[in-house]
Amino acid sequence: MKWSATPNHVAIAVDDLDATEQRIKAAGIETFNHANDDPGRRFYFRDGDDIEFEVVSDT
C-alpha cells in the first residue's frame, strides 16, 4: 500500500450533528450522503482540496 502525506478522508465526531451541518452549510459547503447507521448518524462534505470529511454523531 502506498501512503500519502495528504489525507483523502477525515472523520470527525460531534455532539450535535444538526447544528454542525447548519454551520457547514452556512459557510457555503455542500453536504451529501446522509445516513442513519447503528449506532449513530452521519453526513459527508468535501473541502477545497477534495478531501472528504465524514461528520458523525453517536448521540
# chains A, B, ... in the order shown; residues from 1 in each chain; ligands from 1
call {"tool": "residues_around", "arguments": {"residues": "Gly28 of chain A", "least_positions_apart": "4", "cutoff": "12 Å", "atoms": "only C-alpha atoms", "output": "PyMOL selection string"}}
result
chain A and resi 21-24+45-48
call {"tool": "write_last_selection", "arguments": {"atoms": "N, CA, C and O atoms", "output": "mmCIF file, in the first residue's frame"}}
result
data_model
loop_
_atom_site.group_PDB
_atom_site.id
_atom_site.type_symbol
_atom_site.label_atom_id
_atom_site.label_comp_id
_atom_site.auth_asym_id
_atom_site.auth_seq_id
_atom_site.Cartn_x
_atom_site.Cartn_y
_atom_site.Cartn_z
ATOM 1 N N GLU A 21 -23.977 20.600 10.893
ATOM 2 C CA GLU A 21 -24.295 20.680 9.467
ATOM 3 C C GLU A 21 -24.781 22.081 9.092
ATOM 4 O O GLU A 21 -24.428 22.601 8.034
ATOM 5 N N GLN A 22 -25.555 22.702 9.940
ATOM 6 C CA GLN A 22 -26.028 24.065 9.657
ATOM 7 C C GLN A 22 -24.862 25.035 9.526
ATOM 8 O O GLN A 22 -24.841 25.875 8.629
ATOM 9 N N ARG A 23 -23.859 24.904 10.400
ATOM 10 C CA ARG A 23 -22.688 25.780 10.327
ATOM 11 C C ARG A 23 -21.887 25.525 9.055
ATOM 12 O O ARG A 23 -21.388 26.460 8.425
ATOM 13 N N ILE A 24 -21.759 24.266 8.659
ATOM 14 C CA ILE A 24 -21.024 23.929 7.444
ATOM 15 C C ILE A 24 -21.744 24.483 6.217
ATOM 16 O O ILE A 24 -21.138 25.098 5.346
ATOM 17 N N PHE A 45 -18.864 15.868 3.570
ATOM 18 C CA PHE A 45 -18.633 17.036 2.725
ATOM 19 C C PHE A 45 -17.188 16.991 2.254
ATOM 20 O O PHE A 45 -16.376 16.236 2.775
ATOM 21 N N ARG A 46 -16.881 17.776 1.233
ATOM 22 C CA ARG A 46 -15.509 17.868 0.709
ATOM 23 C C ARG A 46 -15.013 19.298 0.852
ATOM 24 O O ARG A 46 -15.779 20.246 0.696
ATOM 25 N N ASP A 47 -13.722 19.413 1.130
ATOM 26 C CA ASP A 47 -13.138 20.746 1.214
ATOM 27 C C ASP A 47 -12.569 21.169 -0.138
ATOM 28 O O ASP A 47 -12.702 20.442 -1.126
ATOM 29 N N GLY A 48 -11.926 22.313 -0.185
ATOM 30 C CA GLY A 48 -11.391 22.844 -1.430
ATOM 31 C C GLY A 48 -10.268 22.020 -2.038
ATOM 32 O O GLY A 48 -9.955 22.159 -3.214
#
call {"tool": "select_by_dssp", "arguments": {"residues": "chain A", "states": "helix (DSSP H, G or I)", "output": "PDB file with N, CA and C atoms, in the first residue's frame"}}
result
ATOM      1  N   LEU A  17     -25.079  16.893  15.572  1.00  0.00           N
ATOM      2  CA  LEU A  17     -24.893  16.740  14.131  1.00  0.00           C
ATOM      3  C   LEU A  17     -25.646  17.806  13.348  1.00  0.00           C
ATOM      4  N   ASP A  18     -26.872  18.086  13.738  1.00  0.00           N
ATOM      5  CA  ASP A  18     -27.688  19.055  13.004  1.00  0.00           C
ATOM      6  C   ASP A  18     -27.090  20.461  13.063  1.00  0.00           C
ATOM      7  N   ALA A  19     -26.657  20.886  14.247  1.00  0.00           N
ATOM      8  CA  ALA A  19     -26.063  22.217  14.383  1.00  0.00           C
ATOM      9  C   ALA A  19     -24.753  22.310  13.613  1.00  0.00           C
ATOM     10  N   THR A  20     -23.979  21.244  13.626  1.00  0.00           N
ATOM     11  CA  THR A  20     -22.723  21.225  12.881  1.00  0.00           C
ATOM     12  C   THR A  20     -22.982  21.340  11.387  1.00  0.00           C
ATOM     13  N   GLU A  21     -23.977  20.600  10.893  1.00  0.00           N
ATOM     14  CA  GLU A  21     -24.295  20.680   9.467  1.00  0.00           C
ATOM     15  C   GLU A  21     -24.781  22.081   9.092  1.00  0.00           C
ATOM     16  N   GLN A  22     -25.555  22.702   9.940  1.00  0.00           N
ATOM     17  CA  GLN A  22     -26.028  24.065   9.657  1.00  0.00           C
ATOM     18  C   GLN A  22     -24.862  25.035   9.526  1.00  0.00           C
ATOM     19  N   ARG A  23     -23.859  24.904  10.400  1.00  0.00           N
ATOM     20  CA  ARG A  23     -22.688  25.780  10.327  1.00  0.00           C
ATOM     21  C   ARG A  23     -21.887  25.525   9.055  1.00  0.00           C
ATOM     22  N   ILE A  24     -21.759  24.266   8.659  1.00  0.00           N
ATOM     23  CA  ILE A  24     -21.024  23.929   7.444  1.00  0.00           C
ATOM     24  C   ILE A  24     -21.744  24.483   6.217  1.00  0.00           C
ATOM     25  N   LYS A  25     -23.068  24.307   6.161  1.00  0.00           N
ATOM     26  CA  LYS A  25     -23.842  24.824   5.036  1.00  0.00           C
ATOM     27  C   LYS A  25     -23.815  26.356   4.995  1.00  0.00           C
ATOM     28  N   ALA A  26     -23.819  26.995   6.167  1.00  0.00           N
ATOM     29  CA  ALA A  26     -23.765  28.457   6.229  1.00  0.00           C
ATOM     30  C   ALA A  26     -22.452  28.982   5.662  1.00  0.00           C
TER      31      ALA A  26
END
call {"tool": "atom_distance", "arguments": {"atom1": "atom CA of Asp50 of chain A", "atom2": "atom CA of Asn36 of chain A"}}
result
23.9 Å
call {"tool": "residues_around", "arguments": {"residues": "Tyr44 of chain A", "least_positions_apart": "3", "cutoff": "12 Å", "atoms": "only C-alpha atoms", "output": "list in words"}}
result
His9, Val10, Ala11, Ile12, Ala13, Leu17, Thr20, Glu21, Ile24, Lys25, Ile29, Glu30, Thr31, Phe32, Asn33, His34, Ala35, Arg41, Asp47, Asp50, Ile51, Glu52, Phe53, Glu54, Val55 and Val56 of chain A
call {"tool": "select_by_dssp", "arguments": {"residues": "segment 1-52 of chain A", "states": "strand (DSSP E)", "output": "list in words"}}
result
His9, Val10, Ala11, Ile12, Ala13, Thr31, Phe32, Asn33, His34, Ala35, Asn36, Asp37, Gly40, Arg41, Arg42, Phe43, Tyr44, Phe45, Arg46 and Glu52 of chain A
call {"tool": "write_last_selection", "arguments": {"atoms": "C-alpha atoms", "output": "mmCIF file, in the first residue's frame"}}
result
data_model
loop_
_atom_site.group_PDB
_atom_site.id
_atom_site.type_symbol
_atom_site.label_atom_id
_atom_site.label_comp_id
_atom_site.auth_asym_id
_atom_site.auth_seq_id
_atom_site.Cartn_x
_atom_site.Cartn_y
_atom_site.Cartn_z
ATOM 1 C CA HIS A 9 -10.715 11.052 4.290
ATOM 2 C CA VAL A 10 -11.068 12.582 7.754
ATOM 3 C CA ALA A 11 -13.702 11.533 10.307
ATOM 4 C CA ILE A 12 -14.948 13.932 12.960
ATOM 5 C CA ALA A 13 -17.226 13.038 15.902
ATOM 6 C CA THR A 31 -23.140 18.199 2.362
ATOM 7 C CA PHE A 32 -24.026 14.760 0.977
ATOM 8 C CA ASN A 33 -24.565 11.064 1.697
ATOM 9 C CA HIS A 34 -26.603 11.386 4.879
ATOM 10 C CA ALA A 35 -27.083 8.112 6.740
ATOM 11 C CA ASN A 36 -28.623 6.776 9.904
ATOM 12 C CA ASP A 37 -26.425 3.893 10.951
ATOM 13 C CA GLY A 40 -25.383 6.991 15.032
ATOM 14 C CA ARG A 41 -25.988 9.405 12.182
ATOM 15 C CA ARG A 42 -23.530 10.860 9.677
ATOM 16 C CA PHE A 43 -23.024 13.036 6.627
ATOM 17 C CA TYR A 44 -20.091 13.968 4.412
ATOM 18 C CA PHE A 45 -18.633 17.036 2.725
ATOM 19 C CA ARG A 46 -15.509 17.868 0.709
ATOM 20 C CA GLU A 52 -13.689 14.032 2.148
#
call {"tool": "closest_residue", "arguments": {"among": "A:Val14, A:Ala27, A:Ser57, A:Ser4", "to": "Pro39 of chain A", "atoms": "only C-alpha atoms"}}
result
A:Ser57
